[in-house]
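Enquirer: Structure supplied as start_0.txt; contents: compact mmCIF, C-alpha atoms.
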# COMPACT_ATOMS: atom_id res chain seq x y z
CA MET A 1 0.00 0.00 0.00
CA LYS A 2 1.34 3.41 -0.94
CA LYS A 3 1.69 6.19 1.58
CA TYR A 4 -0.73 9.01 1.02
CA PRO A 5 1.04 12.31 0.31
CA ILE A 6 0.13 15.12 2.68
CA ILE A 7 -0.74 17.68 0.04
CA PHE A 8 -3.28 19.70 1.95
CA ALA A 9 -2.57 23.41 1.62
CA ILE A 10 -2.90 24.61 5.20
CA VAL A 11 -3.41 22.79 8.48
CA LEU A 12 -3.33 25.04 11.52
CA PHE A 13 -3.41 24.27 15.22
CA PHE A 14 -4.93 27.05 17.27
CA LEU A 15 -6.85 27.73 20.46
CA TYR A 16 -10.58 27.12 20.49
CA PRO A 17 -11.69 30.70 21.33
CA SER A 18 -10.67 31.80 17.85
CA PHE A 19 -13.46 29.51 16.55
CA ALA A 20 -15.94 32.11 17.80
CA SER A 21 -15.07 34.51 15.00
CA GLY A 22 -17.54 34.88 12.14
CA GLY A 23 -17.44 32.94 8.92
CA ALA A 24 -19.08 30.08 7.07
CA PHE A 25 -17.47 27.14 8.85
CA LEU A 26 -18.37 23.51 9.37
CA GLU A 27 -17.16 22.03 12.65
CA MET A 28 -16.92 18.44 13.84
CA HIS A 29 -16.48 18.00 17.60
CA VAL A 30 -15.49 14.45 18.58
CA ILE A 31 -16.36 14.76 22.25
CA ASP A 32 -14.26 12.90 24.81
CA VAL A 33 -16.83 10.58 26.40
CA GLY A 34 -14.47 7.79 27.41
CA GLN A 35 -15.51 4.54 25.76
CA GLY A 36 -18.12 5.52 23.19
CA ASP A 37 -18.99 7.98 20.45
CA ALA A 38 -20.58 11.42 20.64
CA ILE A 39 -19.95 13.74 17.70
CA LEU A 40 -21.34 17.25 17.38
CA ILE A 41 -21.69 18.69 13.89
CA LYS A 42 -22.10 22.47 13.70
CA THR A 43 -23.05 23.69 10.23
CA PRO A 44 -22.35 27.08 8.62
CA SER A 45 -26.07 27.82 8.67
CA GLY A 46 -26.24 27.38 12.45
CA ASN A 47 -27.66 23.86 12.67
CA ASN A 48 -26.51 21.48 15.40
CA VAL A 49 -26.53 17.73 14.77
CA LEU A 50 -25.43 15.12 17.31
CA VAL A 51 -24.24 11.75 16.03
CA ASP A 52 -24.45 9.28 18.93
CA SER A 53 -24.55 10.30 22.57
CA GLY A 54 -21.87 8.54 24.62
CA ASN A 55 -22.52 5.83 27.18
CA LEU A 56 -24.85 5.63 30.16
CA SER A 57 -22.30 7.02 32.60
CA THR A 58 -20.98 9.85 30.41
CA GLY A 59 -24.14 11.21 28.81
CA TYR A 60 -24.11 14.06 31.31
CA LEU A 61 -20.71 15.10 29.91
CA VAL A 62 -22.26 15.46 26.47
CA ARG A 63 -25.08 17.55 27.93
CA GLN A 64 -22.58 19.78 29.74
CA TYR A 65 -20.46 20.12 26.62
CA LEU A 66 -23.40 21.18 24.49
CA GLN A 67 -24.62 23.63 27.10
CA SER A 68 -21.12 25.11 27.45
CA HIS A 69 -21.30 25.87 23.74
CA GLY A 70 -24.65 27.56 24.09
CA ILE A 71 -26.62 24.70 22.54
CA SER A 72 -30.08 24.09 24.00
CA VAL A 73 -31.72 22.74 20.83
CA LEU A 74 -30.49 19.95 18.56
CA ASP A 75 -31.83 20.02 15.02
CA ALA A 76 -31.18 16.31 14.72
CA VAL A 77 -29.80 13.37 16.67
CA ILE A 78 -28.54 10.34 14.75
CA ILE A 79 -28.11 7.10 16.68
CA THR A 80 -25.89 4.93 14.53
CA HIS A 81 -26.78 1.70 16.34
CA MET A 82 -28.11 0.52 19.69
CA HIS A 83 -24.93 -0.38 21.53
CA PRO A 84 -24.92 1.29 24.97
CA ASP A 85 -21.78 3.35 24.30
CA HIS A 86 -23.57 5.06 21.41
CA VAL A 87 -27.18 5.38 22.58
CA GLY A 88 -26.80 5.24 26.37
CA GLY A 89 -26.03 8.93 26.85
CA LEU A 90 -29.26 9.95 25.15
CA PHE A 91 -31.22 9.28 28.33
CA SER A 92 -29.16 11.94 30.13
CA LEU A 93 -29.50 14.47 27.31
CA VAL A 94 -33.26 14.75 27.07
CA PRO A 95 -35.49 16.37 28.16
CA ASP A 96 -32.87 18.94 29.28
CA LEU A 97 -32.05 19.56 25.60
CA ALA A 98 -34.75 19.89 22.96
CA VAL A 99 -34.46 17.50 20.00
CA LYS A 100 -36.33 18.37 16.81
CA LYS A 101 -35.85 15.00 15.13
CA ILE A 102 -34.11 11.72 15.83
CA TYR A 103 -32.88 9.11 13.37
CA ASP A 104 -31.85 5.46 13.68
CA SER A 105 -31.35 2.47 11.38
CA GLY A 106 -34.57 0.74 12.40
CA ALA A 107 -32.58 -2.39 13.26
CA VAL A 108 -34.15 -4.35 16.12
CA HIS A 109 -32.01 -7.00 17.76
CA THR A 110 -33.34 -9.76 19.99
CA GLY A 111 -32.70 -9.07 23.66
CA ASP A 112 -31.75 -5.45 23.03
CA ASP A 113 -33.28 -3.63 26.00
CA PHE A 114 -32.04 -0.28 24.76
CA TRP A 115 -34.32 -0.44 21.73
CA ASP A 116 -37.46 -0.65 23.87
CA GLU A 117 -36.28 2.11 26.22
CA TYR A 118 -35.28 4.26 23.27
CA ILE A 119 -38.69 3.92 21.60
CA VAL A 120 -40.48 4.71 24.88
CA LEU A 121 -38.27 7.79 25.37
CA THR A 122 -38.96 9.20 21.89
CA LYS A 123 -42.70 8.59 22.24
CA ASN A 124 -42.96 10.08 25.72
CA LEU A 125 -41.12 13.22 24.63
CA LYS A 126 -42.97 13.33 21.29
CA ILE A 127 -39.72 13.47 19.33
CA GLN A 128 -40.22 12.93 15.62
CA ARG A 129 -38.39 9.73 14.65
CA ASP A 130 -37.30 8.46 11.24
CA VAL A 131 -35.21 5.61 9.84
CA LEU A 132 -32.04 6.11 7.80
CA GLY A 133 -30.46 3.70 5.36
CA GLY A 134 -28.01 3.66 2.50
CA GLY A 135 -28.96 6.18 -0.19
CA ASP A 136 -30.70 8.63 2.13
CA GLU A 137 -29.63 12.26 2.39
CA LEU A 138 -29.95 14.93 5.04
CA SER A 139 -29.43 18.52 3.98
CA PHE A 140 -28.44 21.39 6.24
CA ASP A 141 -27.69 23.80 3.44
CA PRO A 142 -24.89 24.16 2.34
CA VAL A 143 -23.86 20.92 4.09
CA LYS A 144 -24.99 17.55 2.74
CA MET A 145 -25.00 14.38 4.81
CA TRP A 146 -25.01 11.26 2.66
CA VAL A 147 -26.04 8.02 4.37
CA LEU A 148 -23.85 5.25 2.96
CA SER A 149 -24.83 2.40 5.25
CA PRO A 150 -26.62 0.23 6.22
CA SER A 151 -27.85 -1.30 3.00
CA LYS A 152 -30.66 -3.81 2.85
CA PRO A 153 -31.09 -6.53 3.75
CA LEU A 154 -29.55 -5.90 7.16
CA THR A 155 -26.98 -8.45 8.29
CA GLY A 156 -28.14 -8.81 11.89
CA ASP A 157 -24.64 -7.76 13.01
CA MET A 158 -25.18 -4.53 14.93
CA ASN A 159 -21.75 -3.11 14.07
CA ALA A 160 -21.94 -4.05 10.40
CA ASP A 161 -25.39 -2.43 10.28
CA SER A 162 -24.17 0.87 11.75
CA ILE A 163 -25.28 4.10 10.09
CA VAL A 164 -22.27 5.48 8.19
CA ILE A 165 -22.40 9.11 7.08
CA LYS A 166 -20.34 11.15 4.65
CA ILE A 167 -20.58 14.86 5.39
CA CYS A 168 -19.74 17.15 2.48
CA TYR A 169 -19.06 20.88 2.52
CA GLU A 170 -17.67 22.25 -0.73
CA LYS A 171 -14.25 20.55 -1.25
CA ILE A 172 -14.05 18.91 2.19
CA SER A 173 -15.62 15.66 3.39
CA PHE A 174 -15.82 13.89 6.74
CA LEU A 175 -16.59 10.16 6.93
CA LEU A 176 -18.15 8.97 10.20
CA ALA A 177 -17.76 5.20 10.34
CA ALA A 178 -19.59 4.55 13.64
CA ASP A 179 -18.78 0.96 14.71
CA LEU A 180 -18.54 -0.33 11.16
CA ASN A 181 -16.46 -3.52 11.12
CA LYS A 182 -14.76 -5.29 8.21
CA ARG A 183 -17.94 -7.19 7.41
CA GLY A 184 -19.77 -3.89 7.02
CA GLU A 185 -16.85 -2.35 5.14
CA LYS A 186 -16.97 -5.18 2.60
CA ARG A 187 -20.63 -4.45 1.84
CA LEU A 188 -19.89 -0.73 1.63
CA LEU A 189 -16.96 -1.23 -0.73
CA ALA A 190 -19.07 -3.44 -3.00
CA GLY A 191 -21.38 -0.47 -3.55
CA LYS A 192 -18.74 1.43 -5.55
CA LEU A 193 -19.50 4.59 -3.56
CA ASP A 194 -17.22 7.60 -3.42
CA LEU A 195 -15.75 7.24 0.07
CA ARG A 196 -12.93 9.76 -0.35
CA SER A 197 -12.78 12.03 2.68
CA GLN A 198 -10.12 14.21 4.23
CA VAL A 199 -11.23 13.27 7.75
CA LEU A 200 -12.17 9.78 8.97
CA LYS A 201 -13.83 9.07 12.30
CA VAL A 202 -12.34 5.60 12.63
CA GLY A 203 -14.76 2.70 12.89
CA HIS A 204 -15.29 0.68 16.08
CA HIS A 205 -12.96 2.76 18.24
CA GLY A 206 -9.94 1.64 16.27
CA ALA A 207 -10.47 -2.07 16.94
CA ASP A 208 -8.60 -4.52 14.75
CA ASP A 209 -11.87 -5.95 13.42
CA ALA A 210 -12.38 -2.70 11.46
CA THR A 211 -10.47 -0.34 9.14
CA SER A 212 -9.08 -2.65 6.50
CA GLY A 213 -6.34 -1.59 4.13
CA THR A 214 -8.78 -1.73 1.22
CA PHE A 215 -11.18 0.56 3.08
CA LEU A 216 -8.42 3.09 3.77
CA ASP A 217 -7.37 2.96 0.12
CA ARG A 218 -10.86 4.08 -0.85
CA VAL A 219 -11.22 6.76 1.84
CA ARG A 220 -7.66 8.17 1.60
CA PRO A 221 -7.95 10.34 4.73
CA LEU A 222 -5.45 12.96 5.82
CA TRP A 223 -6.70 12.88 9.39
CA ALA A 224 -8.16 10.03 11.45
CA VAL A 225 -9.89 10.52 14.79
CA ILE A 226 -10.38 7.59 17.18
CA SER A 227 -13.03 7.96 19.89
CA VAL A 228 -11.98 5.62 22.69
CA GLY A 229 -11.70 5.43 26.48
CA LYS A 230 -8.48 5.27 28.46
CA ASP A 231 -7.35 1.78 29.43
CA SER A 232 -10.11 0.24 27.35
CA PRO A 233 -10.90 -3.25 28.71
CA LYS A 234 -11.15 -4.46 25.12
CA CYS A 235 -7.70 -3.07 24.31
CA TYR A 236 -8.98 -0.49 21.82
CA PRO A 237 -7.51 0.83 19.63
CA GLY A 238 -5.86 -2.24 18.14
CA GLU A 239 -2.15 -2.29 17.39
CA LYS A 240 -2.76 -3.50 13.83
CA THR A 241 -5.09 -0.59 13.12
CA LEU A 242 -2.67 1.96 14.57
CA GLU A 243 0.20 0.48 12.56
CA LEU A 244 -1.84 0.54 9.37
CA LEU A 245 -2.80 4.18 9.85
CA LYS A 246 0.83 5.03 10.54
CA ASN A 247 2.09 3.16 7.50
CA VAL A 248 -0.19 5.05 5.12
CA GLY A 249 0.80 8.41 6.58
CA VAL A 250 -2.50 9.40 8.21
CA ASN A 251 -2.39 11.91 11.07
CA VAL A 252 -4.07 10.21 14.04
CA LEU A 253 -5.79 11.84 17.00
CA ARG A 254 -7.32 9.91 19.92
CA THR A 255 -9.75 11.15 22.53
CA ASP A 256 -8.10 9.03 25.22
CA GLN A 257 -4.83 10.91 24.63
CA ASP A 258 -5.87 14.21 23.06
CA GLY A 259 -9.23 14.88 24.71
CA THR A 260 -12.04 16.34 22.63
CA VAL A 261 -10.94 16.81 19.02
CA ILE A 262 -12.41 19.63 16.93
CA VAL A 263 -12.00 19.81 13.16
CA ARG A 264 -13.06 23.01 11.43
CA THR A 265 -13.26 23.78 7.73
CA ASP A 266 -14.28 26.65 5.47
CA GLY A 267 -14.80 24.17 2.64
CA GLU A 268 -11.25 24.67 1.35
CA SER A 269 -8.82 23.95 4.20
CA LEU A 270 -8.82 22.28 7.61
CA SER A 271 -7.98 23.41 11.11
CA VAL A 272 -7.63 20.97 13.99
CA VAL A 273 -7.51 21.57 17.73
CA ARG A 274 -7.34 19.40 20.83
CA GLU A 275 -9.55 20.72 23.58
As structure tokens, please, write out the structure in this file.
Expert:
Amino acid sequence: MKKYPIIFAIVLFFLYPSFASGGAFLEMHVIDVGQGDAILIKTPSGNNVLVDSGNLSTGYLVRQYLQSHGISVLDAVIITHMHPDHVGGLFSLVPDLAVKKIYDSGAVHTGDDFWDEYIVLTKNLKIQRDVLGGGDELSFDPVKMWVLSPSKPLTGDMNADSIVIKICYEKISFLLAADLNKRGEKRLLAGKLDLRSQVLKVGHHGADDATSGTFLDRVRPLWAVISVGKDSPKCYPGEKTLELLKNVGVNVLRTDQDGTVIVRTDGESLSVVRE
């Protein structure tokens, strides 16, 4: 596999307060929630979208983070799949934060208590709910969110059936791979989709059962962000994944080492900060 040349024009590291200045920027905040995912997307038009919500014990951190950024309303919440480290924090977020609409894959798994609790929560709070699958699109003009996965029929593997989103703003793309594993990657690759993205939120917390060399060849990221807890009992991220990312020349950031990671773009260049 060839190393990817770092040809990006400008990559700046700077303090977060400078983000407050005006301008048409897209921001991705990979919030440090320990073991789990919680990603805030702030669009140039002022929309706030949360992709996953952390785990049961750290959902309050997501709520505090959003409130510290002056966010009391979420235009959308996307739950990529029903594992507790992705959906668990939702129960701490609402009703303290208003949610206009919530999305999931519609995948129901036998013995999954979180599904029942999730459905009860959305009904009790009268949150509009919809199902996302491959080929769907969400638009927060000028930002487009393309849903690449899951495709039908679903596999029954919760990670392989994760919602995967490509976020596009002018010349820059972010790929959020949720907990997509190599089984899910294989189905995604078979679809001949354009996966190229400057920023990759690495699948399954960097575990070795995800992020194949073929997948990276198609994405060709400049930056990779791994959302993972310190001293993960499952030994995430995997050594093979870290070595692969290193060998292809990707810049890697990890929430267990770098804290919350914020990527900001004007549609032409990227800025990255550790918070």
Enquirer: Could you work out how far CA of Ile167 (chain A) lies from CA of Trp146 (chain A), giving the answer in Å with one decimal?
Expert: 6.3 Å
Enquirer: Kindly indicate which residue among A:Leu121, A:Leu40, A:Leu242, A:Ala207 lies nearest to Phe91 (chain A), using all atoms listed in the file for the distances.
Expert: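 Going through A:Leu121, A:Leu40, A:Leu242, A:Ala207 one by one, the smallest distance to Phe91 (chain A) is for A:Leu121.
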Enquirer: Work out how far CA of Leu270 (chain A) is from CA of Ile79 (chain A), in Å to one decimal.
Expert: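 Atom-to-atom, CA of Ile79 (chain A) and CA of Leu270 (chain A) are spaced 26.2 Å apart.
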Enquirer: Which is closer to Ser105 (chain A) than all the others in A:Thr43, A:Ser212, A:Gln128, A:Thr80, using all atoms listed in the file?
Expert: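 Among A:Thr43, A:Ser212, A:Gln128, A:Thr80, it is A:Thr80 that comes nearest to Ser105 (chain A).
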Enquirer: Please check which residues have atoms at most 12 Å from (-5.7, 4.2, -0.4) in the file's coordinates, counting only C-alpha atoms, and write them as a PyMOL selection string.
Expert: chain A and resi 1-5+195-198+211-222+244-245+247-250
Enquirer: Can you measure CA of Asp194 (chain A) to CA of His81 (chain A) for me? One decimal in Å is fine.
Expert: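 Rounded to one decimal, the two atoms are 22.7 Å apart.
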Enquirer: Which residues are near Ile172 (chain A)? Cut-off 8 Å, only C-alpha atoms, ignore same chain within fewer than 4 positions. Put them as a PyMOL selection string.
Expert: chain A and resi 168+197-198+265+267-269
Enquirer: Can those selected residues be exported to a file as an mmCIF file, in the coordinates of the input so that it contains C-alpha atoms?
Expert:
data_model
loop_
_atom_site.group_PDB
_atom_site.id
_atom_site.type_symbol
_atom_site.label_atom_id
_atom_site.label_comp_id
_atom_site.auth_asym_id
_atom_site.auth_seq_id
_atom_site.Cartn_x
_atom_site.Cartn_y
_atom_site.Cartn_z
ATOM 1 C CA CYS A 168 -19.740 17.150 2.480
ATOM 2 C CA SER A 197 -12.780 12.030 2.680
ATOM 3 C CA GLN A 198 -10.120 14.210 4.230
ATOM 4 C CA THR A 265 -13.260 23.780 7.730
ATOM 5 C CA GLY A 267 -14.800 24.170 2.640
ATOM 6 C CA GLU A 268 -11.250 24.670 1.350
ATOM 7 C CA SER A 269 -8.820 23.950 4.200
#
Enquirer: Hey, what's within 9 Å of Gly54 (chain A) if we count only C-alpha atoms and toss same-chain stuff fewer than 2 positions away? As a ChimeraX atom specification, please?
Expert: /A:31-39,52,56-62,84-90
Enquirer: Would you output that residue set with C-alpha atoms, as a compact mmCIF listing (two decimals), keeping the file's coordinate frame?
Expert:
# COMPACT_ATOMS: atom_id res chain seq x y z
CA ILE A 31 -16.36 14.76 22.25
CA ASP A 32 -14.26 12.90 24.81
CA VAL A 33 -16.83 10.58 26.40
CA GLY A 34 -14.47 7.79 27.41
CA GLN A 35 -15.51 4.54 25.76
CA GLY A 36 -18.12 5.52 23.19
CA ASP A 37 -18.99 7.98 20.45
CA ALA A 38 -20.58 11.42 20.64
CA ILE A 39 -19.95 13.74 17.70
CA ASP A 52 -24.45 9.28 18.93
CA LEU A 56 -24.85 5.63 30.16
CA SER A 57 -22.30 7.02 32.60
CA THR A 58 -20.98 9.85 30.41
CA GLY A 59 -24.14 11.21 28.81
CA TYR A 60 -24.11 14.06 31.31
CA LEU A 61 -20.71 15.10 29.91
CA VAL A 62 -22.26 15.46 26.47
CA PRO A 84 -24.92 1.29 24.97
CA ASP A 85 -21.78 3.35 24.30
CA HIS A 86 -23.57 5.06 21.41
CA VAL A 87 -27.18 5.38 22.58
CA GLY A 88 -26.80 5.24 26.37
CA GLY A 89 -26.03 8.93 26.85
CA LEU A 90 -29.26 9.95 25.15
Enquirer: Which of these, A:Leu93, A:Lys192, A:Lys42, A:Ser227, has the shortest distance to Gln67 (chain A) once you count all atoms listed in the file?
Expert: A:Leu93
Enquirer: Can you tell me which residues surround Asp141 (chain A) at a distance of at most 10 Å, considering all atoms listed in the file, apart from same-chain residues fewer than 4 positions away, and format the answer as a compact mmCIF listing (two decimals) with C-alpha atoms, keeping the file's coordinate frame?
Expert:
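Generated output (selection10.txt):
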# COMPACT_ATOMS: atom_id res chain seq x y z
CA THR A 43 -23.05 23.69 10.23
CA PRO A 44 -22.35 27.08 8.62
CA SER A 45 -26.07 27.82 8.67
CA GLY A 46 -26.24 27.38 12.45
CA ASN A 47 -27.66 23.86 12.67
CA MET A 145 -25.00 14.38 4.81
CA TYR A 169 -19.06 20.88 2.52
Enquirer: Restricting the calculation to all atoms listed in the file: of A:Val199, A:Ile226, A:Leu148, A:Ile102, which residue gets closest to Glu27 (chain A)?
Expert: A:Val199
Enquirer: With distances taken over all atoms listed in the file, which residue among A:Gly203, A:Pro95, A:Thr255, A:Ala210 lies nearest Arg183 (chain A)?
Expert: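 Closest residue, counting all atoms listed in the file: A:Ala210.
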Enquirer: Excluding same-chain residues fewer than 2 positions from Val108 (chain A), what lies within 12 Å of it counting all atoms listed in the file, as an MDAnalysis selection string?
Expert: chainID A and resid 81:83 104:106 110:116 118:119 131 154:158 161
Enquirer: Name all residues at most 7 Å from region 257-259 of chain A (count all atoms listed in the file; drop same-chain ones fewer than 3 positions away) and give them as a list of chain:residue names.
Expert: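 Returned residues: A:Asp32, A:Leu253, A:Arg254, A:Arg274, A:Glu275.
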